[in-house]
$ cat start.tsv   # TSV, C-alpha atoms and all ligand atoms
chain	number	residue	atom	x	y	z
A	80	MET	CA	0.00	0.00	0.00
A	81	ILE	CA	1.31	3.43	-0.86
A	82	TYR	CA	0.85	6.65	1.13
A	83	MET	CA	-0.10	10.04	-0.23
A	84	LEU	CA	-0.55	13.34	1.55
A	85	ASP	CA	-3.99	14.97	1.47
A	86	THR	CA	-3.02	18.62	1.71
A	87	ALA	CA	-1.92	21.65	-0.30
A	88	ASN	CA	0.10	23.10	2.57
A	89	LEU	CA	3.63	23.53	1.24
A	90	LYS	CA	5.38	23.25	4.62
A	91	GLN	CA	3.54	20.03	5.43
A	92	ILE	CA	4.34	18.62	1.99
A	93	GLU	CA	8.04	19.52	2.27
A	94	ARG	CA	8.32	17.94	5.72
A	95	ALA	CA	6.42	14.74	4.89
A	96	PHE	CA	8.35	14.19	1.64
A	97	ASP	CA	11.60	14.70	3.51
A	98	LEU	CA	10.74	12.22	6.29
A	99	TYR	CA	8.35	9.63	4.91
A	100	PRO	CA	7.97	7.34	1.87
A	101	MET	CA	5.33	9.59	0.28
A	102	ALA	CA	4.16	8.56	-3.20
A	103	GLY	CA	2.23	11.71	-3.96
A	104	VAL	CA	-0.11	14.53	-2.99
A	105	THR	CA	-3.87	14.74	-3.33
A	106	THR	CA	-5.88	17.94	-3.26
A	107	ASN	CA	-9.47	18.94	-3.73
A	108	PRO	CA	-11.01	22.42	-4.21
A	109	SER	CA	-11.65	22.82	-0.45
A	110	ILE	CA	-8.04	21.88	0.40
A	111	ILE	CA	-6.62	24.33	-2.19
A	112	ALA	CA	-9.02	27.11	-1.12
A	113	LYS	CA	-7.65	26.87	2.45
A	114	GLU	CA	-4.27	28.09	1.18
A	115	LYS	CA	-5.85	31.24	-0.38
A	116	THR	CA	-3.26	31.46	-3.18
A	117	ASP	CA	-3.27	31.39	-6.96
A	118	PHE	CA	-4.45	27.88	-7.87
A	119	LEU	CA	-2.12	27.12	-10.73
A	120	SER	CA	1.08	28.59	-9.29
A	121	HIS	CA	0.34	26.73	-6.06
A	122	LEU	CA	0.01	23.42	-7.90
A	123	LYS	CA	3.25	24.17	-9.77
A	124	GLU	CA	4.99	24.81	-6.45
A	125	ILE	CA	3.73	21.48	-5.11
A	126	ARG	CA	5.06	19.83	-8.28
A	127	ARG	CA	8.45	21.49	-7.74
A	128	ILE	CA	8.64	20.19	-4.16
A	129	ILE	CA	7.57	16.61	-4.84
A	130	GLY	CA	9.33	16.21	-8.20
A	131	GLU	CA	8.09	15.08	-11.61
A	132	ASP	CA	7.64	11.40	-10.74
A	133	SER	CA	5.44	11.71	-7.63
A	134	LEU	CA	1.71	11.53	-8.17
A	135	LEU	CA	-0.12	14.83	-7.99
A	136	HIS	CA	-3.92	14.71	-7.92
A	137	ALA	CA	-5.97	17.85	-8.51
A	138	GLN	CA	-9.69	18.10	-9.02
A	139	SER	CA	-11.44	19.44	-12.09
A	140	LEU	CA	-14.16	21.97	-11.37
A	141	GLY	CA	-17.28	22.29	-13.45
A	142	ARG	CA	-20.45	20.23	-13.58
A	143	LYS	CA	-20.61	19.65	-17.33
A	144	ALA	CA	-18.42	17.00	-18.95
A	145	GLU	CA	-16.99	19.48	-21.48
A	146	ASP	CA	-15.94	21.89	-18.71
A	147	ILE	CA	-14.43	19.09	-16.63
A	148	VAL	CA	-12.45	17.91	-19.67
A	149	GLU	CA	-11.21	21.41	-20.49
A	150	GLU	CA	-10.10	22.02	-16.89
A	151	ALA	CA	-8.35	18.65	-16.78
A	152	LEU	CA	-6.40	19.26	-19.98
A	153	TYR	CA	-5.46	22.77	-18.86
A	154	MET	CA	-4.18	21.56	-15.48
A	155	GLN	CA	-2.30	18.62	-16.98
A	156	GLU	CA	-0.58	20.84	-19.52
A	157	ASN	CA	0.39	23.50	-17.00
A	158	VAL	CA	1.29	21.38	-13.99
A	159	GLY	CA	2.94	18.50	-15.82
A	160	GLY	CA	4.70	15.47	-14.34
A	161	ASN	CA	2.85	12.43	-13.05
A	162	PHE	CA	-0.53	14.16	-12.99
A	163	TYR	CA	-3.95	12.72	-12.12
A	164	VAL	CA	-7.18	14.60	-12.60
A	165	LYS	CA	-9.76	13.97	-9.90
A	166	ILE	CA	-13.32	13.81	-11.16
A	167	PRO	CA	-16.40	13.30	-8.97
A	168	VAL	CA	-18.62	10.34	-9.90
A	169	ILE	CA	-21.62	12.38	-11.05
A	170	PRO	CA	-23.09	11.34	-14.45
A	171	GLU	CA	-21.34	14.23	-16.28
A	172	GLY	CA	-18.15	13.24	-14.46
A	173	ILE	CA	-18.42	9.70	-15.83
A	174	LYS	CA	-18.89	11.15	-19.32
A	175	ALA	CA	-15.78	13.30	-18.78
A	176	MET	CA	-13.82	10.21	-17.63
A	177	LYS	CA	-14.68	8.39	-20.87
A	178	MET	CA	-13.61	11.43	-22.92
A	179	LEU	CA	-10.35	11.96	-20.99
A	180	ASN	CA	-9.52	8.28	-21.01
A	181	LYS	CA	-9.51	8.37	-24.82
A	182	LYS	CA	-7.05	11.27	-24.65
A	183	GLY	CA	-4.73	9.31	-22.35
A	184	VAL	CA	-5.29	11.52	-19.27
A	185	LYS	CA	-4.88	9.70	-15.95
A	186	ILE	CA	-8.04	9.79	-13.85
A	187	THR	CA	-8.86	9.47	-10.17
A	188	ALA	CA	-12.58	9.09	-9.60
A	189	THR	CA	-13.50	10.90	-6.42
A	190	ALA	CA	-16.36	11.55	-3.97
A	191	ILE	CA	-17.08	7.81	-3.92
A	192	PHE	CA	-19.52	6.50	-1.34
A	193	THR	CA	-20.58	3.15	-2.84
A	194	ALA	CA	-18.89	0.18	-4.50
A	195	GLU	CA	-21.20	0.57	-7.50
A	196	GLN	CA	-19.90	4.10	-8.14
A	197	ALA	CA	-16.35	2.75	-7.97
A	198	HIS	CA	-17.14	-0.03	-10.44
A	199	ILE	CA	-18.69	2.33	-13.00
A	200	ALA	CA	-15.74	4.73	-12.66
A	201	SER	CA	-13.34	1.84	-13.19
A	202	VAL	CA	-14.98	0.65	-16.41
A	203	SER	CA	-15.05	4.29	-17.58
A	204	GLY	CA	-11.26	4.42	-17.39
A	205	ALA	CA	-10.35	5.59	-13.86
A	206	GLU	CA	-6.93	4.47	-12.65
A	207	PHE	CA	-7.79	5.22	-9.02
A	208	VAL	CA	-11.08	5.44	-7.16
A	209	ALA	CA	-11.28	7.42	-3.94
A	210	PRO	CA	-13.86	6.21	-1.40
A	211	TYR	CA	-14.39	8.66	1.49
A	212	VAL	CA	-13.94	6.47	4.55
A	213	ASN	CA	-14.59	8.92	7.37
A	214	ARG	CA	-17.46	10.71	5.65
A	215	LEU	CA	-19.11	7.28	5.32
A	216	ASP	CA	-18.43	6.45	8.97
A	217	ASN	CA	-19.91	9.81	9.99
A	218	MET	CA	-23.15	8.93	8.21
A	219	GLY	CA	-23.45	5.73	10.23
A	220	ALA	CA	-22.23	3.67	7.26
A	221	ASN	CA	-19.06	1.56	7.22
A	222	GLY	CA	-16.24	3.16	5.21
A	223	VAL	CA	-13.86	0.22	5.55
A	224	GLN	CA	-16.54	-2.18	4.36
A	225	VAL	CA	-17.09	-0.07	1.22
A	226	VAL	CA	-13.32	-0.27	0.57
A	227	GLU	CA	-13.48	-4.06	1.10
A	228	HIS	CA	-16.32	-4.36	-1.41
A	229	ILE	CA	-14.46	-2.29	-4.00
A	230	VAL	CA	-11.27	-4.34	-3.59
A	231	THR	CA	-13.30	-7.54	-4.03
A	232	LEU	CA	-15.18	-6.21	-7.07
A	233	PHE	CA	-11.94	-5.20	-8.79
A	234	LYS	CA	-10.37	-8.61	-8.05
A	235	GLU	CA	-13.43	-10.60	-9.18
A	236	HIS	CA	-13.76	-8.62	-12.42
A	237	GLN	CA	-10.00	-8.42	-13.11
A	238	LEU	CA	-10.00	-4.63	-13.17
A	239	ASP	CA	-6.66	-2.84	-12.82
A	240	THR	CA	-8.13	0.21	-11.09
A	241	LYS	CA	-6.62	0.88	-7.67
A	242	VAL	CA	-8.36	2.02	-4.50
A	243	LEU	CA	-7.10	5.34	-3.13
A	244	ALA	CA	-8.94	5.48	0.17
A	245	ALA	CA	-9.47	9.04	1.40
A	246	SER	CA	-11.11	11.08	4.14
A	247	PHE	CA	-9.51	9.66	7.29
A	248	LYS	CA	-9.81	10.94	10.80
A	249	ASN	CA	-7.72	8.37	12.64
A	250	VAL	CA	-5.04	5.71	12.24
A	251	GLN	CA	-7.46	2.89	13.04
A	252	GLN	CA	-9.34	3.60	9.80
A	253	VAL	CA	-6.05	3.55	7.87
A	254	LEU	CA	-5.06	0.20	9.43
A	255	HIS	CA	-8.40	-1.39	8.54
A	256	VAL	CA	-8.24	-0.10	4.97
A	257	ALA	CA	-4.77	-1.66	4.67
A	258	LEU	CA	-6.08	-4.97	6.08
A	259	ALA	CA	-8.97	-4.83	3.61
A	260	GLY	CA	-6.47	-4.75	0.72
A	261	GLY	CA	-6.67	-1.01	-0.12
A	262	HIS	CA	-3.90	-0.18	-2.61
A	263	SER	CA	-3.25	3.36	-1.43
A	264	VAL	CA	-4.37	5.90	1.15
A	265	THR	CA	-4.26	9.67	1.26
A	266	VAL	CA	-3.95	11.11	4.75
A	267	THR	CA	-3.43	14.44	6.49
A	268	ALA	CA	0.03	15.37	7.75
A	269	GLU	CA	-1.20	14.79	11.31
A	270	ILE	CA	-2.42	11.25	10.58
A	271	MET	CA	0.84	10.49	8.76
A	272	ASP	CA	2.74	11.44	11.95
A	273	ASN	CA	0.30	9.53	14.13
A	274	LEU	CA	0.80	6.34	12.11
A	275	LEU	CA	4.34	6.22	13.53
A	276	LYS	CA	3.74	7.68	16.95
A	277	HIS	CA	3.95	5.49	20.05
A	278	PRO	CA	4.97	6.63	23.55
A	279	MET	CA	6.85	3.35	24.12
A	280	THR	CA	8.94	3.99	21.01
A	281	ASP	CA	9.91	7.44	22.29
A	282	TRP	CA	10.57	6.02	25.77
A	283	SER	CA	12.76	3.27	24.31
A	284	VAL	CA	14.81	5.73	22.27
A	285	ASP	CA	15.29	7.97	25.33
A	286	GLN	CA	16.41	4.94	27.30
A	287	PHE	CA	18.95	3.87	24.64
A	288	VAL	CA	20.40	7.38	24.49
A	289	GLN	CA	20.61	7.70	28.27
A	290	ASP	CA	22.33	4.30	28.73
A	291	TRP	CA	24.78	5.11	25.94
A	292	GLU	CA	25.61	8.61	27.16
A	293	ASN	CA	26.15	7.41	30.75
A	294	VAL	CA	29.15	5.45	29.48
A	295	TYR	CA	30.37	7.26	26.32
A	296	GLY	CA	29.51	10.88	27.07
A	297	GLU	CA	26.70	13.28	26.24
A	298	GLY	CA	25.91	13.75	22.56
A	299	LYS	CA	28.63	11.31	21.45
A	300	LEU	CA	27.93	9.24	18.35
A	301	VAL	CA	29.82	6.09	17.34
A	302	HIS	CA	31.79	7.77	14.58
A	303	GLN	CA	32.90	10.50	16.99
A	304	LEU	CA	34.46	8.17	19.58
B	1	LIG	C1	-9.47	13.26	-1.01
B	1	LIG	O1	-9.53	12.82	-2.13
B	1	LIG	C2	-10.67	13.81	-0.37
B	1	LIG	O2	-11.03	14.96	-1.04
B	1	LIG	C3	-10.43	14.07	1.08
B	1	LIG	O3	-9.69	13.00	1.65
B	1	LIG	C4	-11.69	14.33	1.85
B	1	LIG	O4	-11.35	14.38	3.21
B	1	LIG	P1	-12.32	15.01	4.31
B	1	LIG	O5	-13.53	14.14	4.40
B	1	LIG	O6	-11.52	14.98	5.56
B	1	LIG	O7	-12.65	16.40	3.85

$ encode --input "start.tsv" --output "C-alpha cells"
Amino acid sequence: MIYMLDTANLKQIERAFDLYPMAGVTTNPSIIAKEKTDFLSHLKEIRRIIGEDSLLHAQSLGRKAEDIVEEALYMQENVGGNFYVKIPVIPEGIKAMKMLNKKGVKITATAIFTAEQAHIASVSGAEFVAPYVNRLDNMGANGVQVVEHIVTLFKEHQLDTKVLAASFKNVQQVLHVALAGGHSVTVTAEIMDNLLKHPMTDWSVDQFVQDWENVYGEGKLVHQL
C-alpha cells in the first residue's frame, strides 16, 4: 500500500516528503481554497517540491463534462509530471472520464460513497477510485466495508483500477483499509505522523540514548568516539 498526503500546505508537503515514503499529494477544491493562493502557481509549487515522478492529484471543477475535460487538460498541460485529474462520480463526471480516457489523461474518480460508483468509474477508465472512509463512517455507514467491497469487485472482475482510500480521521481507519487490501491511502500530515507515533517507542529511544551517554559521554555518536 502506498501513502499520499492529502493537503496543499507547502510546509507540510516539504516535511512529509523529507521524512516519509510519500508517493504523492492529493488535493481537492476545499483543500486548495484553504491556502488562499493562486491555484495554478500553487500546484506548480507542489510539483516542484515533490518532483516530476510523484503523483499529484488535482480536481477538475465544473459540472458539465466538457468543462471538466477542459479544466483537466489545462491543469495537466500547466502542472505536468505524473498528474492525475480527480473527477467526482456524477453522471457528467463519468462522461468526462470516458472522454479523458480516450485522450490518455490519468483519472482518479472521487467523492465515492458506494462500491457501484467505484465499479462504474473503473470501467469508464479511472486508474484510481477514492472512497471517502470517514465521511461514510460519519453517516453511520461503514467506510472500511465499502473499501473491502471495492477491492473484491476489482479482483473478481480483473479490473486494474486501484483504491485510493481518502477522508480519514484516525489511524485505526487507515489500518483497517490496509487490512482490507486497499492499494493506497491519502492522509493528512497529522495522521501520517500519528501512524508512527507510540509513547513506548519514544521512551525506548530515550532509554537507549541515556544508557549510551552514561558510558560514552553526552551527545557522542559512534563515529565520533
Ligand atoms: C481526497 O480525495 C478527499 O477529497 C479528502 O480526503 C476528503 O477528506 P475530508 O472528508 O476529511 O474532507

$ closest_residue --input "start.tsv" --among "A:Leu134, A:Leu243, A:Val250, A:Ile129" --to "ligand LIG 1 (chain B)" --atoms "all atoms listed in the file"
A:Leu243

$ residues_around --input "start.tsv" --residues "Gly130 (chain A)" --least-positions-apart "3" --cutoff "12 Å" --atoms "only C-alpha atoms" --output "list in words"
Ile92, Glu93, Phe96, Met101, Ala102, Gly103, Val104, Leu122, Lys123, Glu124, Ile125, Arg126, Arg127, Ser133, Leu134, Leu135, Val158, Gly159, Gly160, Asn161 and Phe162 of chain A

$ write_last_selection --input "start.tsv" --atoms "C-alpha atoms" --output "PDB file, keeping the file's coordinate frame"
ATOM      1  CA  ILE A  92       4.340  18.620   1.990  1.00  0.00           C
ATOM      2  CA  GLU A  93       8.040  19.520   2.270  1.00  0.00           C
ATOM      3  CA  PHE A  96       8.350  14.190   1.640  1.00  0.00           C
ATOM      4  CA  MET A 101       5.330   9.590   0.280  1.00  0.00           C
ATOM      5  CA  ALA A 102       4.160   8.560  -3.200  1.00  0.00           C
ATOM      6  CA  GLY A 103       2.230  11.710  -3.960  1.00  0.00           C
ATOM      7  CA  VAL A 104      -0.110  14.530  -2.990  1.00  0.00           C
ATOM      8  CA  LEU A 122       0.010  23.420  -7.900  1.00  0.00           C
ATOM      9  CA  LYS A 123       3.250  24.170  -9.770  1.00  0.00           C
ATOM     10  CA  GLU A 124       4.990  24.810  -6.450  1.00  0.00           C
ATOM     11  CA  ILE A 125       3.730  21.480  -5.110  1.00  0.00           C
ATOM     12  CA  ARG A 126       5.060  19.830  -8.280  1.00  0.00           C
ATOM     13  CA  ARG A 127       8.450  21.490  -7.740  1.00  0.00           C
ATOM     14  CA  SER A 133       5.440  11.710  -7.630  1.00  0.00           C
ATOM     15  CA  LEU A 134       1.710  11.530  -8.170  1.00  0.00           C
ATOM     16  CA  LEU A 135      -0.120  14.830  -7.990  1.00  0.00           C
ATOM     17  CA  VAL A 158       1.290  21.380 -13.990  1.00  0.00           C
ATOM     18  CA  GLY A 159       2.940  18.500 -15.820  1.00  0.00           C
ATOM     19  CA  GLY A 160       4.700  15.470 -14.340  1.00  0.00           C
ATOM     20  CA  ASN A 161       2.850  12.430 -13.050  1.00  0.00           C
ATOM     21  CA  PHE A 162      -0.530  14.160 -12.990  1.00  0.00           C
TER      22      PHE A 162
END

$ atom_distance --input "start.tsv" --atom1 "atom O7 of ligand LIG 1 (chain B)" --atom2 "CA of Thr231 (chain A)"
25.2 Å

$ residues_around --input "start.tsv" --residues "Leu232 (chain A)" --least-positions-apart "2" --cutoff "12 Å" --atoms "all atoms listed in the file" --output "ChimeraX atom specification"
/A:193-199,201-202,225-230,234-242,260

$ write_last_selection --input "start.tsv" --atoms "C-alpha atoms" --output "mmCIF file, in the coordinates of the input"
data_model
loop_
_atom_site.group_PDB
_atom_site.id
_atom_site.type_symbol
_atom_site.label_atom_id
_atom_site.label_comp_id
_atom_site.auth_asym_id
_atom_site.auth_seq_id
_atom_site.Cartn_x
_atom_site.Cartn_y
_atom_site.Cartn_z
ATOM 1 C CA THR A 193 -20.580 3.150 -2.840
ATOM 2 C CA ALA A 194 -18.890 0.180 -4.500
ATOM 3 C CA GLU A 195 -21.200 0.570 -7.500
ATOM 4 C CA GLN A 196 -19.900 4.100 -8.140
ATOM 5 C CA ALA A 197 -16.350 2.750 -7.970
ATOM 6 C CA HIS A 198 -17.140 -0.030 -10.440
ATOM 7 C CA ILE A 199 -18.690 2.330 -13.000
ATOM 8 C CA SER A 201 -13.340 1.840 -13.190
ATOM 9 C CA VAL A 202 -14.980 0.650 -16.410
ATOM 10 C CA VAL A 225 -17.090 -0.070 1.220
ATOM 11 C CA VAL A 226 -13.320 -0.270 0.570
ATOM 12 C CA GLU A 227 -13.480 -4.060 1.100
ATOM 13 C CA HIS A 228 -16.320 -4.360 -1.410
ATOM 14 C CA ILE A 229 -14.460 -2.290 -4.000
ATOM 15 C CA VAL A 230 -11.270 -4.340 -3.590
ATOM 16 C CA LYS A 234 -10.370 -8.610 -8.050
ATOM 17 C CA GLU A 235 -13.430 -10.600 -9.180
ATOM 18 C CA HIS A 236 -13.760 -8.620 -12.420
ATOM 19 C CA GLN A 237 -10.000 -8.420 -13.110
ATOM 20 C CA LEU A 238 -10.000 -4.630 -13.170
ATOM 21 C CA ASP A 239 -6.660 -2.840 -12.820
ATOM 22 C CA THR A 240 -8.130 0.210 -11.090
ATOM 23 C CA LYS A 241 -6.620 0.880 -7.670
ATOM 24 C CA VAL A 242 -8.360 2.020 -4.500
ATOM 25 C CA GLY A 260 -6.470 -4.750 0.720
#

$ closest_residue --input "start.tsv" --among "A:Leu254, A:Leu140, A:Ala200, A:Ala268" --to "Leu84 (chain A)" --atoms "only C-alpha atoms"
A:Ala268

$ atom_distance --input "start.tsv" --atom1 "CA of Phe247 (chain A)" --atom2 "CA of Lys174 (chain A)"
28.3 Å

$ closest_residue --input "start.tsv" --among "A:Val266, A:Gly298, A:Tyr163, A:Ala175" --to "Asn213 (chain A)" --atoms "all atoms listed in the file"
A:Val266

$ residues_near_ligand --input "start.tsv" --ligand "ligand LIG 1 (chain B)" --cutoff "7 Å" --atoms "only C-alpha atoms and all ligand atoms" --output "MDAnalysis selection string"
chainID A and resid 85 105:107 189:190 209 211 213:214 245:248 265:266

$ closest_residue --input "start.tsv" --among "A:Ile270, A:Ala112, A:Val284, A:Met178" --to "Gln91 (chain A)" --atoms "all atoms listed in the file"
A:Ile270

$ closest_residue --input "start.tsv" --among "A:Ala188, A:Ile147, A:Ala244, A:Met154" --to "Ala259 (chain A)" --atoms "all atoms listed in the file"
A:Ala244

$ decode --input "start.tsv" --residues "region 187-205 of chain A" --atoms "N, CA, C and O atoms" --output "PDB file, in the first residue's frame"
ATOM      1  N   THR A 187      -8.482   9.970 -11.487  1.00  0.00           N
ATOM      2  CA  THR A 187      -8.861   9.469 -10.170  1.00  0.00           C
ATOM      3  C   THR A 187     -10.318   9.839  -9.948  1.00  0.00           C
ATOM      4  O   THR A 187     -10.657  11.031  -9.901  1.00  0.00           O
ATOM      5  N   ALA A 188     -11.159   8.837  -9.852  1.00  0.00           N
ATOM      6  CA  ALA A 188     -12.582   9.090  -9.602  1.00  0.00           C
ATOM      7  C   ALA A 188     -12.747   9.385  -8.120  1.00  0.00           C
ATOM      8  O   ALA A 188     -12.242   8.646  -7.269  1.00  0.00           O
ATOM      9  N   THR A 189     -13.442  10.470  -7.819  1.00  0.00           N
ATOM     10  CA  THR A 189     -13.505  10.898  -6.423  1.00  0.00           C
ATOM     11  C   THR A 189     -14.942  11.086  -5.949  1.00  0.00           C
ATOM     12  O   THR A 189     -15.887  10.938  -6.708  1.00  0.00           O
ATOM     13  N   ALA A 190     -15.055  11.397  -4.635  1.00  0.00           N
ATOM     14  CA  ALA A 190     -16.359  11.546  -3.970  1.00  0.00           C
ATOM     15  C   ALA A 190     -17.152  10.245  -4.088  1.00  0.00           C
ATOM     16  O   ALA A 190     -18.337  10.251  -4.407  1.00  0.00           O
ATOM     17  N   ILE A 191     -16.461   9.142  -3.797  1.00  0.00           N
ATOM     18  CA  ILE A 191     -17.079   7.812  -3.916  1.00  0.00           C
ATOM     19  C   ILE A 191     -17.610   7.346  -2.558  1.00  0.00           C
ATOM     20  O   ILE A 191     -16.891   7.364  -1.554  1.00  0.00           O
ATOM     21  N   PHE A 192     -18.870   6.947  -2.571  1.00  0.00           N
ATOM     22  CA  PHE A 192     -19.525   6.501  -1.341  1.00  0.00           C
ATOM     23  C   PHE A 192     -20.105   5.091  -1.464  1.00  0.00           C
ATOM     24  O   PHE A 192     -20.593   4.541  -0.483  1.00  0.00           O
ATOM     25  N   THR A 193     -20.081   4.526  -2.686  1.00  0.00           N
ATOM     26  CA  THR A 193     -20.577   3.148  -2.844  1.00  0.00           C
ATOM     27  C   THR A 193     -19.647   2.371  -3.781  1.00  0.00           C
ATOM     28  O   THR A 193     -18.954   2.954  -4.623  1.00  0.00           O
ATOM     29  N   ALA A 194     -19.709   1.054  -3.640  1.00  0.00           N
ATOM     30  CA  ALA A 194     -18.886   0.183  -4.500  1.00  0.00           C
ATOM     31  C   ALA A 194     -19.369   0.263  -5.946  1.00  0.00           C
ATOM     32  O   ALA A 194     -18.570   0.139  -6.877  1.00  0.00           O
ATOM     33  N   GLU A 195     -20.667   0.485  -6.133  1.00  0.00           N
ATOM     34  CA  GLU A 195     -21.202   0.574  -7.502  1.00  0.00           C
ATOM     35  C   GLU A 195     -20.605   1.789  -8.230  1.00  0.00           C
ATOM     36  O   GLU A 195     -20.251   1.711  -9.412  1.00  0.00           O
ATOM     37  N   GLN A 196     -20.505   2.901  -7.527  1.00  0.00           N
ATOM     38  CA  GLN A 196     -19.895   4.101  -8.136  1.00  0.00           C
ATOM     39  C   GLN A 196     -18.460   3.792  -8.558  1.00  0.00           C
ATOM     40  O   GLN A 196     -18.017   4.179  -9.642  1.00  0.00           O
ATOM     41  N   ALA A 197     -17.745   3.071  -7.684  1.00  0.00           N
ATOM     42  CA  ALA A 197     -16.345   2.749  -7.974  1.00  0.00           C
ATOM     43  C   ALA A 197     -16.252   1.851  -9.205  1.00  0.00           C
ATOM     44  O   ALA A 197     -15.361   2.026 -10.050  1.00  0.00           O
ATOM     45  N   HIS A 198     -17.177   0.899  -9.310  1.00  0.00           N
ATOM     46  CA  HIS A 198     -17.141  -0.030 -10.437  1.00  0.00           C
ATOM     47  C   HIS A 198     -17.396   0.710 -11.751  1.00  0.00           C
ATOM     48  O   HIS A 198     -16.682   0.508 -12.745  1.00  0.00           O
ATOM     49  N   ILE A 199     -18.381   1.588 -11.766  1.00  0.00           N
ATOM     50  CA  ILE A 199     -18.692   2.334 -13.000  1.00  0.00           C
ATOM     51  C   ILE A 199     -17.512   3.234 -13.386  1.00  0.00           C
ATOM     52  O   ILE A 199     -17.135   3.321 -14.558  1.00  0.00           O
ATOM     53  N   ALA A 200     -16.901   3.872 -12.375  1.00  0.00           N
ATOM     54  CA  ALA A 200     -15.741   4.731 -12.661  1.00  0.00           C
ATOM     55  C   ALA A 200     -14.608   3.895 -13.253  1.00  0.00           C
ATOM     56  O   ALA A 200     -13.935   4.311 -14.203  1.00  0.00           O
ATOM     57  N   SER A 201     -14.422   2.704 -12.714  1.00  0.00           N
ATOM     58  CA  SER A 201     -13.343   1.839 -13.192  1.00  0.00           C
ATOM     59  C   SER A 201     -13.552   1.468 -14.663  1.00  0.00           C
ATOM     60  O   SER A 201     -12.624   1.593 -15.465  1.00  0.00           O
ATOM     61  N   VAL A 202     -14.766   1.049 -15.008  1.00  0.00           N
ATOM     62  CA  VAL A 202     -14.984   0.648 -16.411  1.00  0.00           C
ATOM     63  C   VAL A 202     -15.065   1.860 -17.337  1.00  0.00           C
ATOM     64  O   VAL A 202     -15.076   1.717 -18.555  1.00  0.00           O
ATOM     65  N   SER A 203     -15.086   3.064 -16.756  1.00  0.00           N
ATOM     66  CA  SER A 203     -15.049   4.286 -17.578  1.00  0.00           C
ATOM     67  C   SER A 203     -13.616   4.790 -17.751  1.00  0.00           C
ATOM     68  O   SER A 203     -13.389   5.832 -18.359  1.00  0.00           O
ATOM     69  N   GLY A 204     -12.653   4.080 -17.139  1.00  0.00           N
ATOM     70  CA  GLY A 204     -11.258   4.416 -17.389  1.00  0.00           C
ATOM     71  C   GLY A 204     -10.490   5.003 -16.212  1.00  0.00           C
ATOM     72  O   GLY A 204      -9.341   5.417 -16.393  1.00  0.00           O
ATOM     73  N   ALA A 205     -11.088   5.026 -15.005  1.00  0.00           N
ATOM     74  CA  ALA A 205     -10.353   5.591 -13.863  1.00  0.00           C
ATOM     75  C   ALA A 205      -9.215   4.672 -13.437  1.00  0.00           C
ATOM     76  O   ALA A 205      -9.390   3.452 -13.385  1.00  0.00           O
TER      77      ALA A 205
END
